[in-house]
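Peer 1: Right, I'll just put the structure down here and ask away after.
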Amino acid sequence: MKGQATLRRPLRSRLRPALLLGLAATAAQAGCFSARSSSGGGETAPPPPTRVIRTADIEVPDGYVIEVVATGLTFPTGVTFDDAGQVYVTEAGYSYGEVFTTPRLLRIEPGGATSVVAAGRNPPWTGVAWADGAFIVSEGGVRDGGKILRIAPNGETQTLAAGLPSLGDHHTNGPVLGPDGNIYFGQGTATNSGVVGEDNYKFGWLKRHPEFHDVPCKDVTLTGAALTGPNPLTKDDGDEATTGAFVPFGTQTQRGQVIPGKVPCSGAVMRIPPRGGTLHLVAWGFRNPFGIAFSPDGKLFVTDNGYDDRGSRPVWGNADALWAVTPGTWYGWPDYADGRPVAQDRYAPPGQKPPPPLLEAPPNPPPQPAAFFAVHSSSNGIDISRAPAFGHVGDAFVAQFGDQAPDVGKVLHPVGFKVVRVDLKTGVVRDFAVNRGKDNGPASRLKNGGLERPITVRFDRAGRSLYVVDFGVLLMDEKGAKPQQGTGALFRITRAATAG
């Protein structure tokens, strides 16, 4: 299926996240936020089982066109290109909502047909890169732990790294080839904010792996704070469990207790040679470092999903972040958000106390983000323009998967569901590819043929085309996520003069 659309009217401007946070806080203080029900992008009636795509329903800037490359994908997560420029996509094999399929690496043929290069048994496959004549795949491993795989063009698979702490909420992410020839990847945290709780049972993994918890990259000293909440591992509805930081569910900690650090670890960016070898820590203190990209001058940038308003230590109103990464630095999780301590009223859910600090002292003063994204936008995959033929050289492009309310917390309107452009010099964020209409949201909510849930973006080898991976329809309700198989798609955005 093919089609294209050009923009004939200006894209909608967007309020800066700091202002959005201020407006949300004001509404909460006035009682408006608490009184209103959640209205996230996925909180809508189920669409038809077959997704109809119309690129005319997607706005892109003047002089650009968007085309469909492939449809009918199931939970696609990554895209890459071999030395000849051939397009390949990963399908995750897993989605929130505890839906398991088969993780696959697909070759995208002309006209959108697919053929299987390789398949796995330990989903999700969260991304793919091409390096040194082979595919590098991040295997999230919700069943058996995370891995970094090297897959030859004939499908032969080799494990470069194993035992990554990827059994929890967030997975092994990336990967990307760095300018030094190493493979860089992100590892998300097991929990929302450092303490295992009832919300992790809802995600599915606490029942499978009750012993699992976050692992710091370096030694940390605890305050001894412990949180009490329902115990879903027993049949007694009134049973409760008290849990500390960086320990299994139901385990308490003491003030001054030292949790030894090790690598691999949670909430970190790490690197490894493309044919295997020693795993090295790059930076840590992230929550879910999903997207990784290098600027034309070699600087590392990472997208990071902010805290959710859930679990026994909820954090309210934390924006997603874009970090300019300095190796060896700690970036704030689990005690800082937006460069500030979370133990203050601005991060307290309405009617609740602020989250208590978990660490006696921060490993270093955390930096400020290079840019802020809207709260709960799930700003994920990133790439940076390097070719004048596409334009905006040096700017970052970020796929926003969109909110997963009410699981992540309440939102009053859909957030995300688009591709944005970030000026890395100023931190200003602008819409780049967004569904048409007066309201924001996924196509399934707007009842049109536009974008659903963009999960990553990647420029082709020449840098002339931006490919957008759309995960497909994922609905939400009080019971959790409800993904629809076969609704994923791959789009391509180019300058009008170079399209085709």
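Ligands are numbered from 1 in the order shown, chains are lettered A, B, ... in the order of the structure tokens, and residues start at 1 in each chain.
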Please list as a ChimeraX atom specification every residue within 9 Å of Thr251 of chain A, counting only C-alpha atoms and excluding residues in the same chain fewer than 3 positions away.

Peer 2: /A:226,241-245,247-248

Peer 1: Might you pull out every residue within 8 Å of segment 180-183 of chain A, with only C-alpha atoms counted and same-chain residues fewer than 4 positions away left off, and present them as a list in words?

Peer 2: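 My reading of the contact set: Pro175, Val176, Arg271, Ile272, Pro273 and Pro274 of chain A.
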
Peer 1: What's the separation between atom CA of Gly351 of chain A and atom CA of Thr253 of chain A, in Å to one decimal place?

Peer 2: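 Spanning atom CA of Gly351 of chain A to atom CA of Thr253 of chain A is a straight-line distance of 26.7 Å.
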
Peer 1: If you run DSSP over the backbone, which residues in segment 136-277 of chain A end up helix (DSSP H, G or I)? Put them as a tab-separated table (two decimals) with N, CA and C atoms, in the first residue's frame.

Peer 2:
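What landed in part_12.tsv:
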```tsv
chain	number	residue	atom	x	y	z
A	198	GLU	N	2.95	-3.40	43.59
A	198	GLU	CA	1.80	-4.05	42.99
A	198	GLU	C	1.69	-3.75	41.49
A	199	ASP	N	2.12	-2.56	41.07
A	199	ASP	CA	2.04	-2.20	39.65
A	199	ASP	C	2.87	-3.14	38.79
A	200	ASN	N	3.95	-3.68	39.33
A	200	ASN	CA	4.79	-4.60	38.58
A	200	ASN	C	4.12	-5.96	38.38
A	201	TYR	N	3.22	-6.30	39.29
A	201	TYR	CA	2.39	-7.50	39.10
A	201	TYR	C	1.43	-7.29	37.94
A	202	LYS	N	0.87	-6.10	37.85
A	202	LYS	CA	-0.04	-5.79	36.74
A	202	LYS	C	0.69	-5.84	35.41
A	203	PHE	N	1.96	-5.43	35.41
A	203	PHE	CA	2.76	-5.51	34.18
A	203	PHE	C	3.05	-6.95	33.79
A	205	TRP	N	5.37	-9.13	35.23
A	205	TRP	CA	6.66	-9.75	35.52
A	205	TRP	C	6.87	-10.14	36.98
A	206	LEU	N	6.18	-9.48	37.92
A	206	LEU	CA	6.40	-9.83	39.33
A	206	LEU	C	5.97	-11.26	39.62
A	207	LYS	N	4.93	-11.74	38.95
A	207	LYS	CA	4.51	-13.13	39.12
A	207	LYS	C	5.54	-14.08	38.52
A	208	ARG	N	6.12	-13.72	37.37
A	208	ARG	CA	7.12	-14.58	36.72
A	208	ARG	C	8.45	-14.57	37.46
```

Peer 1: May I have the residues within 12 Å of Phe212 of chain A as a count of residues only, using only C-alpha atoms and disregarding those fewer than 5 positions away in the same chain?

Peer 2: 30

Peer 1: Could you pull out the residues in segment 147-337 of chain A that DSSP calls strand (DSSP E) from the backbone, as number ranges by chain?

Peer 2: A: 147-151, 157-164, 172-177, 183-187, 220-221, 226-230, 240-244, 258-259, 268-272, 280-284, 289-294, 300-304, 320-324, 336-337

Peer 1: Out of A:His376, A:Pro414, A:Pro210, A:Val398, which residue has the shortest atom-to-atom distance to Phe301 of chain A when counting only C-alpha atoms?

Peer 2: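 Closest to Phe301 of chain A, using only C-alpha atoms: A:Val398.
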
Peer 1: With only C-alpha atoms as the atoms that count, which of A:Ile292, A:Phe471, A:Val87, A:Ile66 lies nearest to Ala113 of chain A?

Peer 2: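 Distance minimum relative to Ala113 of chain A lands on A:Val87.
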
Peer 1: Taking only C-alpha atoms into account, name the residue in A:Gly391, A:Gly276, A:Gly97, A:Gly480 that is nearest to Arg495 of chain A.

Peer 2: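 Looking at the shortest contact to Arg495 of chain A, the residue is A:Gly391.
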
Peer 1: Which is closest to Gln86 of chain A among A:Pro230, A:Gly339, A:Pro153, A:Gly381, if we use only C-alpha atoms?

Peer 2: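 Looking at the shortest contact to Gln86 of chain A, the residue is A:Pro153.
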
Peer 1: With only C-alpha atoms as the basis for distance, which of A:Ala405, A:Leu233, A:Ala45, A:Ala324 is at the shortest distance from Ala371 of chain A?

Peer 2: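 Smallest distance to Ala371 of chain A is found for A:Ala324.
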
Peer 1: Might you pull out every residue within 12 Å of Glu360 of chain A, with only C-alpha atoms counted and same-chain residues fewer than 3 positions away left off, and present them as a list in words?

Peer 2: Asp219, Val220, Thr221, Leu222, Thr223, Gly224, Ala225, Ala245, Gln254, Arg255, Gly256, Gln257, Val258, Ile259, Pro334, Asp335, Pro356, Pro357, Pro363 and Asn364 of chain A

Peer 1: So that I have them on file, write out the residues from the current selection with C-alpha atoms, as a PDB file, in the first residue's frame.

Peer 2:
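Once everything was written out, this is part-v6.pdb:
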```
ATOM      1  CA  ASP A 219      27.527   1.327  45.069  1.00  0.00           C
ATOM      2  CA  VAL A 220      24.673   3.352  46.581  1.00  0.00           C
ATOM      3  CA  THR A 221      23.822   4.050  50.225  1.00  0.00           C
ATOM      4  CA  LEU A 222      20.135   3.902  51.130  1.00  0.00           C
ATOM      5  CA  THR A 223      18.016   6.102  53.381  1.00  0.00           C
ATOM      6  CA  GLY A 224      16.149   2.989  54.493  1.00  0.00           C
ATOM      7  CA  ALA A 225      12.864   4.324  53.102  1.00  0.00           C
ATOM      8  CA  ALA A 245      14.838   0.213  47.177  1.00  0.00           C
ATOM      9  CA  GLN A 254      18.018  -0.164  56.676  1.00  0.00           C
ATOM     10  CA  ARG A 255      19.324   3.386  56.786  1.00  0.00           C
ATOM     11  CA  GLY A 256      22.961   3.376  55.719  1.00  0.00           C
ATOM     12  CA  GLN A 257      22.667   0.031  53.943  1.00  0.00           C
ATOM     13  CA  VAL A 258      24.978  -0.162  50.939  1.00  0.00           C
ATOM     14  CA  ILE A 259      23.725  -1.818  47.764  1.00  0.00           C
ATOM     15  CA  PRO A 334      15.552   7.257  41.274  1.00  0.00           C
ATOM     16  CA  ASP A 335      15.701  10.495  43.323  1.00  0.00           C
ATOM     17  CA  PRO A 356      10.609   9.912  49.857  1.00  0.00           C
ATOM     18  CA  PRO A 357      14.296   9.969  48.856  1.00  0.00           C
ATOM     19  CA  PRO A 363      26.413  10.092  43.219  1.00  0.00           C
ATOM     20  CA  ASN A 364      26.898  13.512  41.594  1.00  0.00           C
TER      21      ASN A 364
END
```

Peer 1: What's around Arg150 of chain A at 10 Å? Count only C-alpha atoms, leave out sequence neighbours fewer than 2 positions away in its own chain, and write the answer as a ChimeraX atom specification.

Peer 2: /A:128-138,147-148,152-153,155-161,274-276

Peer 1: Go ahead and write the selection's residues with N, CA and C atoms as a compact mmCIF listing (two decimals), in the first residue's frame.

Peer 2:
```txt
# COMPACT_ATOMS: atom_id res chain seq x y z
N VAL A 128 17.25 -2.47 16.17
CA VAL A 128 18.24 -3.11 15.32
C VAL A 128 19.15 -2.06 14.70
N ALA A 129 20.42 -2.43 14.52
CA ALA A 129 21.39 -1.60 13.83
C ALA A 129 22.20 -2.49 12.89
N TRP A 130 22.86 -1.89 11.93
CA TRP A 130 23.74 -2.61 11.01
C TRP A 130 25.17 -2.21 11.33
N ALA A 131 26.05 -3.17 11.57
CA ALA A 131 27.44 -2.87 11.92
C ALA A 131 28.34 -4.02 11.51
N ASP A 132 29.42 -3.71 10.84
CA ASP A 132 30.45 -4.70 10.53
C ASP A 132 29.87 -5.90 9.79
N GLY A 133 28.96 -5.63 8.84
CA GLY A 133 28.44 -6.68 7.99
C GLY A 133 27.36 -7.56 8.61
N ALA A 134 26.77 -7.12 9.70
CA ALA A 134 25.73 -7.93 10.36
C ALA A 134 24.73 -7.03 11.07
N PHE A 135 23.63 -7.64 11.49
CA PHE A 135 22.61 -6.94 12.25
C PHE A 135 22.90 -7.08 13.74
N ILE A 136 22.77 -5.98 14.47
CA ILE A 136 22.88 -6.00 15.92
C ILE A 136 21.48 -5.76 16.47
N VAL A 137 20.96 -6.70 17.26
CA VAL A 137 19.59 -6.62 17.76
C VAL A 137 19.61 -6.58 19.29
N SER A 138 18.81 -5.68 19.85
CA SER A 138 18.58 -5.65 21.30
C SER A 138 17.42 -6.58 21.62
N LYS A 147 19.61 -9.51 26.09
CA LYS A 147 20.82 -9.88 25.35
C LYS A 147 21.06 -8.87 24.23
N ILE A 148 22.29 -8.82 23.78
CA ILE A 148 22.63 -8.14 22.53
C ILE A 148 23.04 -9.24 21.56
N ALA A 152 23.85 -12.66 11.41
CA ALA A 152 24.43 -12.59 10.06
C ALA A 152 23.32 -12.49 9.02
N PRO A 153 23.64 -12.00 7.82
CA PRO A 153 22.62 -11.91 6.78
C PRO A 153 21.91 -13.22 6.47
N GLY A 155 20.97 -15.28 8.74
CA GLY A 155 20.15 -15.60 9.90
C GLY A 155 20.89 -16.24 11.05
N GLU A 156 22.15 -16.59 10.86
CA GLU A 156 22.93 -17.19 11.95
C GLU A 156 23.10 -16.19 13.08
N THR A 157 22.82 -16.62 14.32
CA THR A 157 22.76 -15.71 15.45
C THR A 157 23.83 -16.02 16.48
N GLN A 158 24.47 -14.97 16.97
CA GLN A 158 25.50 -15.05 18.01
C GLN A 158 25.14 -14.09 19.13
N THR A 159 25.35 -14.50 20.38
CA THR A 159 25.09 -13.64 21.53
C THR A 159 26.35 -12.87 21.89
N LEU A 160 26.25 -11.53 21.87
CA LEU A 160 27.38 -10.68 22.23
C LEU A 160 27.40 -10.36 23.71
N ALA A 161 26.21 -10.20 24.30
CA ALA A 161 26.09 -9.92 25.74
C ALA A 161 24.83 -10.58 26.24
N PRO A 274 31.39 -4.60 18.37
CA PRO A 274 30.39 -5.20 17.48
C PRO A 274 30.54 -6.69 17.28
N ARG A 275 31.67 -7.27 17.68
CA ARG A 275 31.83 -8.73 17.61
C ARG A 275 31.96 -9.36 18.99
N GLY A 276 31.57 -8.58 20.01
CA GLY A 276 31.60 -9.10 21.37
C GLY A 276 32.85 -8.67 22.12
```

Peer 1: Find the spatial neighbours of Arg107 of chain A, counting only C-alpha atoms, within a cut-off of 10 Å - ignore same-chain residues fewer than 6 positions away - and output them as a CSV table (one decimal) with N, CA and C atoms, in the first residue's frame.

Peer 2:
```csv
chain,number,residue,atom,x,y,z
A,79,VAL,N,14.2,-0.1,12.7
A,79,VAL,CA,14.5,-0.2,11.3
A,79,VAL,C,16.0,0.1,11.1
A,80,THR,N,16.6,-0.6,10.1
A,80,THR,CA,18.0,-0.4,9.8
A,80,THR,C,18.2,-0.6,8.3
A,81,PHE,N,19.4,-0.4,7.8
A,81,PHE,CA,19.7,-0.5,6.4
A,81,PHE,C,21.1,-1.2,6.3
A,86,GLN,N,19.4,-1.7,1.6
A,86,GLN,CA,18.1,-2.5,1.8
A,86,GLN,C,17.5,-2.2,3.2
A,87,VAL,N,16.2,-2.2,3.3
A,87,VAL,CA,15.5,-1.9,4.5
A,87,VAL,C,15.1,-3.1,5.3
A,88,TYR,N,15.4,-3.1,6.6
A,88,TYR,CA,15.0,-4.2,7.5
A,88,TYR,C,14.3,-3.7,8.7
A,89,VAL,N,13.4,-4.5,9.3
A,89,VAL,CA,12.6,-4.0,10.4
A,89,VAL,C,12.6,-5.2,11.4
A,90,THR,N,12.6,-4.8,12.7
A,90,THR,CA,12.4,-5.8,13.8
A,90,THR,C,10.9,-5.8,14.2
A,113,ALA,N,6.2,-6.0,0.6
A,113,ALA,CA,6.2,-7.4,1.0
A,113,ALA,C,7.4,-7.7,2.0
A,114,THR,N,7.3,-8.7,2.8
A,114,THR,CA,8.3,-9.0,3.8
A,114,THR,C,8.8,-10.4,3.7
A,115,SER,N,10.1,-10.6,4.1
A,115,SER,CA,10.6,-12.0,4.2
A,115,SER,C,11.4,-12.1,5.5
A,116,VAL,N,11.4,-13.2,6.1
A,116,VAL,CA,12.0,-13.4,7.4
A,116,VAL,C,13.5,-13.7,7.3
A,117,VAL,N,14.3,-12.9,8.0
A,117,VAL,CA,15.8,-13.1,8.0
A,117,VAL,C,16.1,-14.0,9.2
A,118,ALA,N,15.5,-13.7,10.4
A,118,ALA,CA,15.8,-14.5,11.6
A,118,ALA,C,14.6,-14.3,12.5
```

Peer 1: A:Gly486, A:Val422, A:Leu446, A:Phe390: which is nearest Tyr467 of chain A, counting only C-alpha atoms?

Peer 2: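 The closest residue to Tyr467 of chain A is A:Phe390.
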
Peer 1: Got a sec: who's within 9 Å of Ala481 of chain A, counting only C-alpha atoms, leaving out chain neighbours fewer than 4 positions off, as a list in words?

Peer 2: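 These residues fall inside the cut-off: Gly42, Ser95, Tyr96, Gly97, Glu98, Gln404, Asp407, Leu474, Leu475, Met476 and Asp477 of chain A.
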
Peer 1: Those same residues, written as an mmCIF file, in the first residue's frame with C-alpha atoms?

Peer 2:
```cif
data_model
loop_
_atom_site.group_PDB
_atom_site.id
_atom_site.type_symbol
_atom_site.label_atom_id
_atom_site.label_comp_id
_atom_site.auth_asym_id
_atom_site.auth_seq_id
_atom_site.Cartn_x
_atom_site.Cartn_y
_atom_site.Cartn_z
ATOM 1 C CA GLY A 42 -5.663 4.829 23.960
ATOM 2 C CA SER A 95 3.649 -6.055 23.814
ATOM 3 C CA TYR A 96 2.488 -4.631 27.094
ATOM 4 C CA GLY A 97 -0.770 -6.378 27.827
ATOM 5 C CA GLU A 98 1.174 -9.662 28.050
ATOM 6 C CA GLN A 404 -0.581 4.865 28.119
ATOM 7 C CA ASP A 407 -1.772 2.866 33.587
ATOM 8 C CA LEU A 474 -2.564 -0.176 21.386
ATOM 9 C CA LEU A 475 -5.655 0.628 23.410
ATOM 10 C CA MET A 476 -5.770 1.167 27.175
ATOM 11 C CA ASP A 477 -8.298 0.721 29.958
#
```

Peer 1: Just how far from atom CA of Gly63 of chain A is atom CA of Gly488 of chain A, in Å to one decimal?

Peer 2: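 If I compute the distance from atom CA of Gly488 of chain A to atom CA of Gly63 of chain A, I get 26.1 Å.
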
Peer 1: Figure out the distance between atom CA of Pro483 of chain A and atom CA of Ile384 of chain A, please, to one decimal in Å.

Peer 2: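 Computed distance, atom CA of Ile384 of chain A to atom CA of Pro483 of chain A, equals 29.3 Å.
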